[in-house]
$ cat model-v2.csv   # CSV, C-alpha atoms
chain,number,residue,atom,x,y,z
A,1,MET,CA,-40.8,5.9,123.8
A,2,ILE,CA,-38.0,7.8,125.6
A,3,PHE,CA,-38.8,6.0,128.8
A,4,ASP,CA,-38.4,2.6,127.3
A,5,ARG,CA,-35.1,3.6,125.7
A,6,VAL,CA,-33.8,4.9,129.0
A,7,LEU,CA,-34.9,1.9,130.9
A,8,ASP,CA,-33.3,-0.4,128.3
A,9,GLU,CA,-30.1,1.6,128.2
A,10,LEU,CA,-29.6,1.5,132.0
A,11,GLY,CA,-30.7,-2.1,132.4
A,12,THR,CA,-28.4,-3.2,129.6
A,13,ALA,CA,-25.5,-1.3,131.1
A,14,ILE,CA,-26.0,-3.0,134.4
A,15,VAL,CA,-26.2,-6.5,132.9
A,16,ARG,CA,-23.2,-6.0,130.7
A,17,GLY,CA,-21.1,-4.5,133.5
A,18,ASP,CA,-20.8,-1.1,132.0
A,19,LEU,CA,-22.3,0.0,135.3
A,20,PRO,CA,-20.5,-2.5,137.6
A,21,VAL,CA,-21.7,-3.9,140.9
A,22,GLY,CA,-21.2,-1.2,143.6
A,23,HIS,CA,-21.2,1.6,141.1
A,24,ALA,CA,-22.7,4.7,142.8
A,25,ASP,CA,-24.5,7.3,140.8
A,26,SER,CA,-27.3,9.8,141.0
A,27,VAL,CA,-30.4,10.8,139.0
A,28,GLU,CA,-28.4,13.7,137.6
A,29,GLY,CA,-25.6,11.3,136.6
A,30,PHE,CA,-28.0,9.2,134.7
A,31,VAL,CA,-29.6,12.2,133.1
A,32,ALA,CA,-26.2,13.1,131.8
A,33,ARG,CA,-25.6,9.5,130.7
A,34,THR,CA,-28.9,9.1,128.8
A,35,GLY,CA,-29.7,12.6,127.7
A,36,ALA,CA,-33.3,12.2,129.0
A,37,SER,CA,-35.3,14.4,131.4
A,38,ARG,CA,-35.0,14.1,135.1
A,39,SER,CA,-38.6,12.9,135.5
A,40,ILE,CA,-38.0,10.0,132.9
A,41,VAL,CA,-34.8,9.0,134.6
A,42,ARG,CA,-36.3,9.0,138.0
A,43,GLU,CA,-39.1,6.7,136.8
A,44,ALA,CA,-36.7,4.4,135.1
A,45,THR,CA,-34.6,4.1,138.2
A,46,ARG,CA,-37.7,3.3,140.2
A,47,VAL,CA,-38.3,0.4,137.9
A,48,LEU,CA,-34.7,-0.8,138.3
A,49,VAL,CA,-35.0,-0.5,142.0
A,50,SER,CA,-38.1,-2.6,142.0
A,51,LEU,CA,-36.2,-5.2,139.9
A,52,GLY,CA,-33.4,-5.4,142.4
A,53,MET,CA,-30.8,-4.0,140.1
A,54,LEU,CA,-30.4,-0.7,141.9
A,55,SER,CA,-30.7,0.4,145.5
A,56,ALA,CA,-31.6,3.9,146.4
A,57,GLY,CA,-30.8,5.9,149.6
A,58,ARG,CA,-30.6,9.5,150.6
A,59,ARG,CA,-26.9,9.4,151.5
A,60,VAL,CA,-25.6,6.8,149.0
A,61,GLY,CA,-27.8,7.7,146.1
A,62,LEU,CA,-28.2,5.0,143.5
A,63,ARG,CA,-26.0,1.9,143.7
A,64,VAL,CA,-25.8,-1.0,141.3
A,65,LEU,CA,-26.7,-4.4,143.0
A,66,PRO,CA,-25.2,-7.8,142.2
A,67,ALA,CA,-27.1,-10.3,140.0
A,68,GLU,CA,-28.1,-12.4,143.0
A,69,GLN,CA,-30.6,-9.7,143.9
A,70,TRP,CA,-32.1,-9.2,140.4
A,71,ASP,CA,-35.7,-10.3,139.6
A,72,VAL,CA,-34.4,-12.7,137.0
A,73,ILE,CA,-37.9,-13.9,135.9
A,74,ASP,CA,-39.0,-10.4,135.1
A,75,PRO,CA,-39.3,-10.2,131.3
A,76,HIS,CA,-37.1,-7.0,131.1
A,77,VAL,CA,-34.3,-8.8,133.0
A,78,VAL,CA,-34.8,-11.9,130.9
A,79,ARG,CA,-34.4,-9.9,127.7
A,80,TRP,CA,-31.4,-7.9,129.0
A,81,ARG,CA,-29.6,-11.1,130.1
A,82,LEU,CA,-30.3,-12.8,126.8
A,83,ASP,CA,-28.8,-9.8,125.0
A,84,GLY,CA,-25.8,-9.7,127.4
A,85,PRO,CA,-22.6,-11.6,128.0
A,86,ASP,CA,-24.2,-14.4,129.9
A,87,ARG,CA,-26.7,-15.3,127.2
A,88,ALA,CA,-25.8,-19.0,127.2
A,89,VAL,CA,-26.3,-19.2,131.0
A,90,ALA,CA,-29.6,-17.3,130.7
A,91,LEU,CA,-30.8,-19.6,127.9
A,92,ALA,CA,-30.0,-22.7,129.9
A,93,GLU,CA,-31.7,-21.4,133.0
A,94,LEU,CA,-34.8,-20.3,131.0
A,95,ARG,CA,-35.0,-23.8,129.4
A,96,ALA,CA,-34.7,-25.4,132.9
A,97,LEU,CA,-37.5,-23.2,134.2
A,98,ARG,CA,-39.7,-24.1,131.3
A,99,ARG,CA,-39.0,-27.8,131.7
A,100,ALA,CA,-39.9,-27.6,135.4
A,101,VAL,CA,-43.1,-25.5,135.0
A,102,GLU,CA,-44.7,-26.1,131.7
A,103,PRO,CA,-45.2,-29.9,131.9
A,104,ALA,CA,-46.6,-29.4,135.4
A,105,ALA,CA,-48.9,-26.7,134.0
A,106,ALA,CA,-50.0,-29.0,131.2
A,107,ALA,CA,-50.9,-31.8,133.6
A,108,ALA,CA,-52.8,-29.4,135.8
A,109,ALA,CA,-54.7,-28.1,132.8
A,110,ALA,CA,-55.7,-31.6,131.9
A,111,ARG,CA,-56.8,-32.4,135.5
A,112,ALA,CA,-58.9,-29.2,135.5
A,113,VAL,CA,-60.7,-30.4,132.4
A,114,ALA,CA,-61.1,-33.9,133.8
A,115,SER,CA,-62.7,-32.5,137.0
A,116,GLY,CA,-64.8,-29.9,135.2
A,117,THR,CA,-63.2,-27.0,137.0
A,118,HIS,CA,-61.6,-25.5,133.9
A,119,ASP,CA,-62.5,-22.3,132.1
A,120,ARG,CA,-64.2,-23.4,128.9
A,121,SER,CA,-63.1,-20.3,127.0
A,122,ASP,CA,-59.5,-21.0,127.8
A,123,LEU,CA,-59.8,-24.6,126.6
A,124,ALA,CA,-61.5,-23.4,123.4
A,125,ALA,CA,-58.7,-20.8,122.9
A,126,LEU,CA,-56.0,-23.5,123.4
A,127,LEU,CA,-57.5,-25.8,120.8
A,128,ALA,CA,-58.0,-22.8,118.4
A,129,SER,CA,-54.4,-21.7,118.9
A,130,ALA,CA,-53.2,-25.2,118.1
A,131,GLU,CA,-55.1,-25.1,114.8
A,132,ARG,CA,-53.8,-21.6,114.0
A,133,LEU,CA,-50.2,-22.9,114.7
A,134,ALA,CA,-50.8,-25.8,112.3
A,135,SER,CA,-52.2,-23.5,109.6
A,136,ALA,CA,-49.4,-20.9,110.0
A,137,ALA,CA,-46.7,-23.6,109.8
A,138,GLY,CA,-48.0,-24.8,106.5
A,139,ALA,CA,-48.4,-21.3,105.0
A,140,ALA,CA,-46.1,-19.4,102.7
A,141,ASP,CA,-45.8,-16.6,105.2
A,142,PRO,CA,-44.4,-17.7,108.5
A,143,ALA,CA,-45.2,-14.5,110.3
A,144,PRO,CA,-48.3,-15.8,112.2
A,145,ILE,CA,-46.4,-18.7,113.7
A,146,LEU,CA,-45.0,-16.8,116.7
A,147,PRO,CA,-48.3,-15.1,117.7
A,148,ALA,CA,-50.0,-18.5,117.5
A,149,ASP,CA,-47.3,-20.2,119.5
A,150,ARG,CA,-47.4,-17.5,122.2
A,151,ALA,CA,-51.2,-17.7,122.4
A,152,PHE,CA,-51.0,-21.5,122.8
A,153,HIS,CA,-48.5,-21.5,125.6
A,154,GLY,CA,-50.2,-18.6,127.3
A,155,ARG,CA,-53.6,-20.3,127.2
A,156,LEU,CA,-52.1,-23.5,128.6
A,157,LEU,CA,-50.6,-21.7,131.6
A,158,ALA,CA,-53.9,-19.9,132.2
A,159,LEU,CA,-55.8,-23.2,131.9
A,160,SER,CA,-53.6,-24.7,134.6
A,161,GLY,CA,-55.5,-22.7,137.2
A,162,ASN,CA,-52.3,-21.9,138.9
A,163,ALA,CA,-51.8,-18.1,139.3
A,164,MET,CA,-48.0,-18.5,139.7
A,165,PHE,CA,-47.8,-20.6,136.5
A,166,ALA,CA,-49.9,-18.0,134.7
A,167,ARG,CA,-47.6,-15.2,135.9
A,168,LEU,CA,-44.8,-16.8,133.9
A,169,GLN,CA,-46.6,-16.2,130.6
A,170,ARG,CA,-44.4,-13.3,129.6
A,171,VAL,CA,-41.2,-15.1,130.5
A,172,VAL,CA,-42.3,-18.1,128.3
A,173,GLU,CA,-43.2,-15.7,125.5
A,174,ARG,CA,-39.7,-14.2,125.7
A,175,ALA,CA,-38.3,-17.7,125.3
A,176,LEU,CA,-40.5,-18.4,122.3
A,177,GLU,CA,-39.3,-15.2,120.7
A,178,GLU,CA,-35.8,-16.5,120.7
A,179,ARG,CA,-36.9,-19.1,118.2
A,180,ALA,CA,-39.0,-16.7,116.1
A,181,ASP,CA,-36.8,-17.2,113.0
A,182,VAL,CA,-36.9,-21.0,113.3
A,183,GLU,CA,-40.0,-22.5,111.5
A,184,PRO,CA,-41.3,-25.5,113.5
A,185,ASP,CA,-41.2,-28.8,111.6
A,186,ALA,CA,-44.1,-31.2,111.2
A,187,HIS,CA,-43.3,-33.1,114.4
A,188,ASP,CA,-43.2,-29.9,116.5
A,189,VAL,CA,-46.6,-28.8,115.2
A,190,ALA,CA,-48.0,-32.3,115.8
A,191,LEU,CA,-46.8,-32.2,119.4
A,192,HIS,CA,-48.8,-29.1,120.0
A,193,ARG,CA,-51.9,-30.7,118.6
A,194,THR,CA,-51.2,-33.9,120.7
A,195,LEU,CA,-50.9,-31.7,123.8
A,196,ALA,CA,-54.1,-29.8,123.1
A,197,ASP,CA,-56.0,-33.0,122.5
A,198,ALA,CA,-54.6,-34.6,125.7
A,199,VAL,CA,-55.6,-31.6,127.8
A,200,ALA,CA,-59.1,-31.6,126.2
A,201,ALA,CA,-59.4,-35.4,127.1
A,202,GLY,CA,-58.2,-34.9,130.6
A,203,GLY,CA,-55.0,-36.9,130.0
A,204,ALA,CA,-52.5,-35.4,132.5
A,205,ASP,CA,-49.6,-37.8,131.9
A,206,LEU,CA,-49.8,-37.5,128.1
A,207,ALA,CA,-50.1,-33.7,128.3
A,208,ALA,CA,-47.1,-33.5,130.5
A,209,ALA,CA,-45.0,-35.8,128.3
A,210,ALA,CA,-46.0,-33.8,125.2
A,211,MET,CA,-45.0,-30.5,126.8
A,212,ARG,CA,-41.8,-32.0,128.1
A,213,GLU,CA,-40.8,-33.0,124.5
A,214,ILE,CA,-41.8,-29.6,123.2
A,215,VAL,CA,-39.5,-27.9,125.6
A,216,ASP,CA,-36.7,-30.4,125.1
A,217,ARG,CA,-36.8,-29.9,121.3
A,218,THR,CA,-36.2,-26.2,121.8
$ encode --input "model-v2.csv" --output "structure tokens"
Amino acid sequence: MIFDRVLDELGTAIVRGDLPVGHADSVEGFVARTGASRSIVREATRVLVSLGMLSAGRRVGLRVLPAEQWDVIDPHVVRWRLDGPDRAVALAELRALRRAVEPAAAAAAARAVASGTHDRSDLAALLASAERLASAAGAADPAPILPADRAFHGRLLALSGNAMFARLQRVVERALEERADVEPDAHDVALHRTLADAVAAGGADLAAAAMREIVDRT
């Protein structure tokens, strides 16, 4: 879609510094830059404003904001940073975020099961995605591995019962996509099964430990 192309082009330009902090522009200037229609550019700049990457004012027009104001856990910004000059920093921050959140989410999911407050469909989906991951890892075609891995981590976040944890699903998915070309070894697959079984058994400590090892091994 043209809108996606324009949004990516402008977001990438800001992250890479092609549009440096403080750069002032206008919708017309971005129309000339992207070759897109005024309506598409206006919608793209609205998104960038909502992400804290641009400010908009009647007298100053559009102005590029510093990284400190960006919504760095938005999946768009995560992707642009991973494709940008500070990729190593973005990867380290993403790993630290996952290590802080996902073990806690795993423990919360196990406690929800233990207390009987969990969503049974989410638990069933978690166990099923662990099985799909194991099957995909042993197959000749590795293509299904990433969808199974994304489903597993997404279901776990949902099962935690914490809306803020669940909100990070797309960010975690983006992190998993960074390893899409790396086939998990037998131990990685076994860890996911161990984690799923621990959650199903209500073992919060074991679930957190398994998730911590999964994140550390990435």
$ residues_near_point --input "model-v2.csv" --point "(-47.7, -16.8, 121.4)" --cutoff "10 Å" --atoms "only C-alpha atoms" --output "NGL selection string"
:A and (129 or 133 or 144-155 or 169-170 or 172-174 or 176-177)
$ residues_around --input "model-v2.csv" --residues "region 89-100 of chain A" --least-positions-apart "3" --cutoff "8 Å" --atoms "only C-alpha atoms" --output "JSON, numbers by chain"
{"A": [78, 81, 82, 86, 103, 104, 172, 175, 212, 215, 216]}
$ atom_distance --input "model-v2.csv" --atom1 "CA of Ser115 (chain A)" --atom2 "CA of Ala166 (chain A)"
19.5 Å
$ residues_around --input "model-v2.csv" --residues "Ser55 (chain A)" --least-positions-apart "5" --cutoff "8 Å" --atoms "all atoms listed in the file" --output "PyMOL selection string"
chain A and resi 49+61-65
$ closest_atom_pairs --input "model-v2.csv" --of "region 31-134 of chain A" --to "region 10-15 of chain A" --cutoff "8 Å" --atoms "all atoms listed in the file" --output "tab-separated table"
residue	atom	partner	partner_atom	distance
A:Leu48	CA	A:Gly11	CA	7.2
A:Met53	CA	A:Ile14	CA	7.5
A:Val64	CA	A:Ile14	CA	7.2
A:Val77	CA	A:Gly11	CA	7.6
A:Trp80	CA	A:Thr12	CA	5.6
A:Arg81	CA	A:Val15	CA	6.4
A:Gly84	CA	A:Val15	CA	6.4
A:Pro85	CA	A:Val15	CA	7.9
$ closest_residue --input "model-v2.csv" --among "A:Arg16, A:Arg217, A:His23, A:Arg38" --to "Arg179 (chain A)" --atoms "all atoms listed in the file"
A:Arg217
$ residues_around --input "model-v2.csv" --residues "Ala201 (chain A)" --least-positions-apart "5" --cutoff "10 Å" --atoms "all atoms listed in the file" --output "list in words"
Ala110, Arg111, Val113, Ala114, Leu195, Ala196, Leu206 and Ala207 of chain A
$ residues_around --input "model-v2.csv" --residues "Val171 (chain A)" --least-positions-apart "4" --cutoff "7 Å" --atoms "all atoms listed in the file" --output "compact mmCIF listing (two decimals) with C-alpha atoms, keeping the file's coordinate frame"
# COMPACT_ATOMS: atom_id res chain seq x y z
CA ILE A 73 -37.90 -13.90 135.90
CA ASP A 74 -39.00 -10.40 135.10
CA PRO A 75 -39.30 -10.20 131.30
CA ALA A 175 -38.30 -17.70 125.30
$ closest_residue --input "model-v2.csv" --among "A:Gly161, A:Pro184, A:Gly203, A:Gly116" --to "Ala137 (chain A)" --atoms "only C-alpha atoms"
A:Pro184
$ atom_distance --input "model-v2.csv" --atom1 "CA of Asp188 (chain A)" --atom2 "CA of Ala88 (chain A)"
23.2 Å
$ atom_distance --input "model-v2.csv" --atom1 "CA of Pro142 (chain A)" --atom2 "CA of Arg87 (chain A)"
25.9 Å
$ residues_around --input "model-v2.csv" --residues "region 1-8 of chain A" --least-positions-apart "4" --cutoff "9 Å" --atoms "all atoms listed in the file" --output "ChimeraX atom specification"
/A:12-13,34-36,40-41,43-45,47-48,76,80
$ closest_residue --input "model-v2.csv" --among "A:Leu168, A:Glu9, A:Ala139, A:Ala134" --to "Asp83 (chain A)" --atoms "all atoms listed in the file"
A:Glu9
$ decode --input "model-v2.csv" --residues "region 160-181 of chain A" --atoms "N, CA and C atoms" --output "PDB file, in the first residue's frame"
ATOM      1  N   SER A 160      -1.401 -14.438  30.842  1.00  0.00           N
ATOM      2  CA  SER A 160      -0.955 -13.792  32.078  1.00  0.00           C
ATOM      3  C   SER A 160      -2.077 -13.005  32.750  1.00  0.00           C
ATOM      4  N   GLY A 161      -3.071 -12.597  31.971  1.00  0.00           N
ATOM      5  CA  GLY A 161      -4.164 -11.802  32.515  1.00  0.00           C
ATOM      6  C   GLY A 161      -3.820 -10.343  32.729  1.00  0.00           C
ATOM      7  N   ASN A 162      -2.623  -9.957  32.308  1.00  0.00           N
ATOM      8  CA  ASN A 162      -2.156  -8.580  32.474  1.00  0.00           C
ATOM      9  C   ASN A 162      -2.280  -7.868  31.130  1.00  0.00           C
ATOM     10  N   ALA A 163      -3.147  -6.869  31.054  1.00  0.00           N
ATOM     11  CA  ALA A 163      -3.409  -6.191  29.784  1.00  0.00           C
ATOM     12  C   ALA A 163      -2.170  -5.500  29.238  1.00  0.00           C
ATOM     13  N   MET A 164      -1.305  -5.002  30.133  1.00  0.00           N
ATOM     14  CA  MET A 164      -0.093  -4.335  29.669  1.00  0.00           C
ATOM     15  C   MET A 164       0.895  -5.340  29.092  1.00  0.00           C
ATOM     16  N   PHE A 165       0.993  -6.526  29.706  1.00  0.00           N
ATOM     17  CA  PHE A 165       1.835  -7.568  29.131  1.00  0.00           C
ATOM     18  C   PHE A 165       1.311  -7.947  27.748  1.00  0.00           C
ATOM     19  N   ALA A 166      -0.006  -8.143  27.656  1.00  0.00           N
ATOM     20  CA  ALA A 166      -0.608  -8.540  26.387  1.00  0.00           C
ATOM     21  C   ALA A 166      -0.389  -7.485  25.306  1.00  0.00           C
ATOM     22  N   ARG A 167      -0.323  -6.231  25.721  1.00  0.00           N
ATOM     23  CA  ARG A 167      -0.123  -5.131  24.761  1.00  0.00           C
ATOM     24  C   ARG A 167       1.236  -5.225  24.079  1.00  0.00           C
ATOM     25  N   LEU A 168       2.169  -5.939  24.688  1.00  0.00           N
ATOM     26  CA  LEU A 168       3.518  -6.055  24.131  1.00  0.00           C
ATOM     27  C   LEU A 168       3.649  -7.204  23.130  1.00  0.00           C
ATOM     28  N   GLN A 169       2.540  -7.846  22.802  1.00  0.00           N
ATOM     29  CA  GLN A 169       2.609  -9.003  21.913  1.00  0.00           C
ATOM     30  C   GLN A 169       3.283  -8.680  20.584  1.00  0.00           C
ATOM     31  N   ARG A 170       2.910  -7.580  19.967  1.00  0.00           N
ATOM     32  CA  ARG A 170       3.480  -7.253  18.655  1.00  0.00           C
ATOM     33  C   ARG A 170       4.959  -6.899  18.758  1.00  0.00           C
ATOM     34  N   VAL A 171       5.366  -6.332  19.883  1.00  0.00           N
ATOM     35  CA  VAL A 171       6.784  -6.035  20.079  1.00  0.00           C
ATOM     36  C   VAL A 171       7.578  -7.342  20.194  1.00  0.00           C
ATOM     37  N   VAL A 172       7.040  -8.293  20.960  1.00  0.00           N
ATOM     38  CA  VAL A 172       7.701  -9.588  21.089  1.00  0.00           C
ATOM     39  C   VAL A 172       7.730 -10.301  19.743  1.00  0.00           C
ATOM     40  N   GLU A 173       6.657 -10.213  18.997  1.00  0.00           N
ATOM     41  CA  GLU A 173       6.638 -10.822  17.668  1.00  0.00           C
ATOM     42  C   GLU A 173       7.732 -10.248  16.783  1.00  0.00           C
ATOM     43  N   ARG A 174       7.947  -8.937  16.892  1.00  0.00           N
ATOM     44  CA  ARG A 174       9.000  -8.316  16.075  1.00  0.00           C
ATOM     45  C   ARG A 174      10.371  -8.846  16.480  1.00  0.00           C
ATOM     46  N   ALA A 175      10.562  -9.071  17.771  1.00  0.00           N
ATOM     47  CA  ALA A 175      11.829  -9.631  18.242  1.00  0.00           C
ATOM     48  C   ALA A 175      12.015 -11.049  17.711  1.00  0.00           C
ATOM     49  N   LEU A 176      10.950 -11.825  17.698  1.00  0.00           N
ATOM     50  CA  LEU A 176      11.040 -13.198  17.190  1.00  0.00           C
ATOM     51  C   LEU A 176      11.348 -13.219  15.703  1.00  0.00           C
ATOM     52  N   GLU A 177      10.833 -12.241  14.978  1.00  0.00           N
ATOM     53  CA  GLU A 177      11.101 -12.179  13.541  1.00  0.00           C
ATOM     54  C   GLU A 177      12.575 -11.968  13.238  1.00  0.00           C
ATOM     55  N   GLU A 178      13.299 -11.367  14.188  1.00  0.00           N
ATOM     56  CA  GLU A 178      14.727 -11.163  13.993  1.00  0.00           C
ATOM     57  C   GLU A 178      15.487 -12.480  13.930  1.00  0.00           C
ATOM     58  N   ARG A 179      14.882 -13.538  14.462  1.00  0.00           N
ATOM     59  CA  ARG A 179      15.520 -14.858  14.463  1.00  0.00           C
ATOM     60  C   ARG A 179      14.805 -15.828  13.526  1.00  0.00           C
ATOM     61  N   ALA A 180      14.056 -15.276  12.577  1.00  0.00           N
ATOM     62  CA  ALA A 180      13.254 -16.124  11.701  1.00  0.00           C
ATOM     63  C   ALA A 180      14.104 -17.078  10.866  1.00  0.00           C
ATOM     64  N   ASP A 181      15.342 -16.708  10.594  1.00  0.00           N
ATOM     65  CA  ASP A 181      16.196 -17.563   9.769  1.00  0.00           C
ATOM     66  C   ASP A 181      17.061 -18.504  10.603  1.00  0.00           C
TER      67      ASP A 181
END
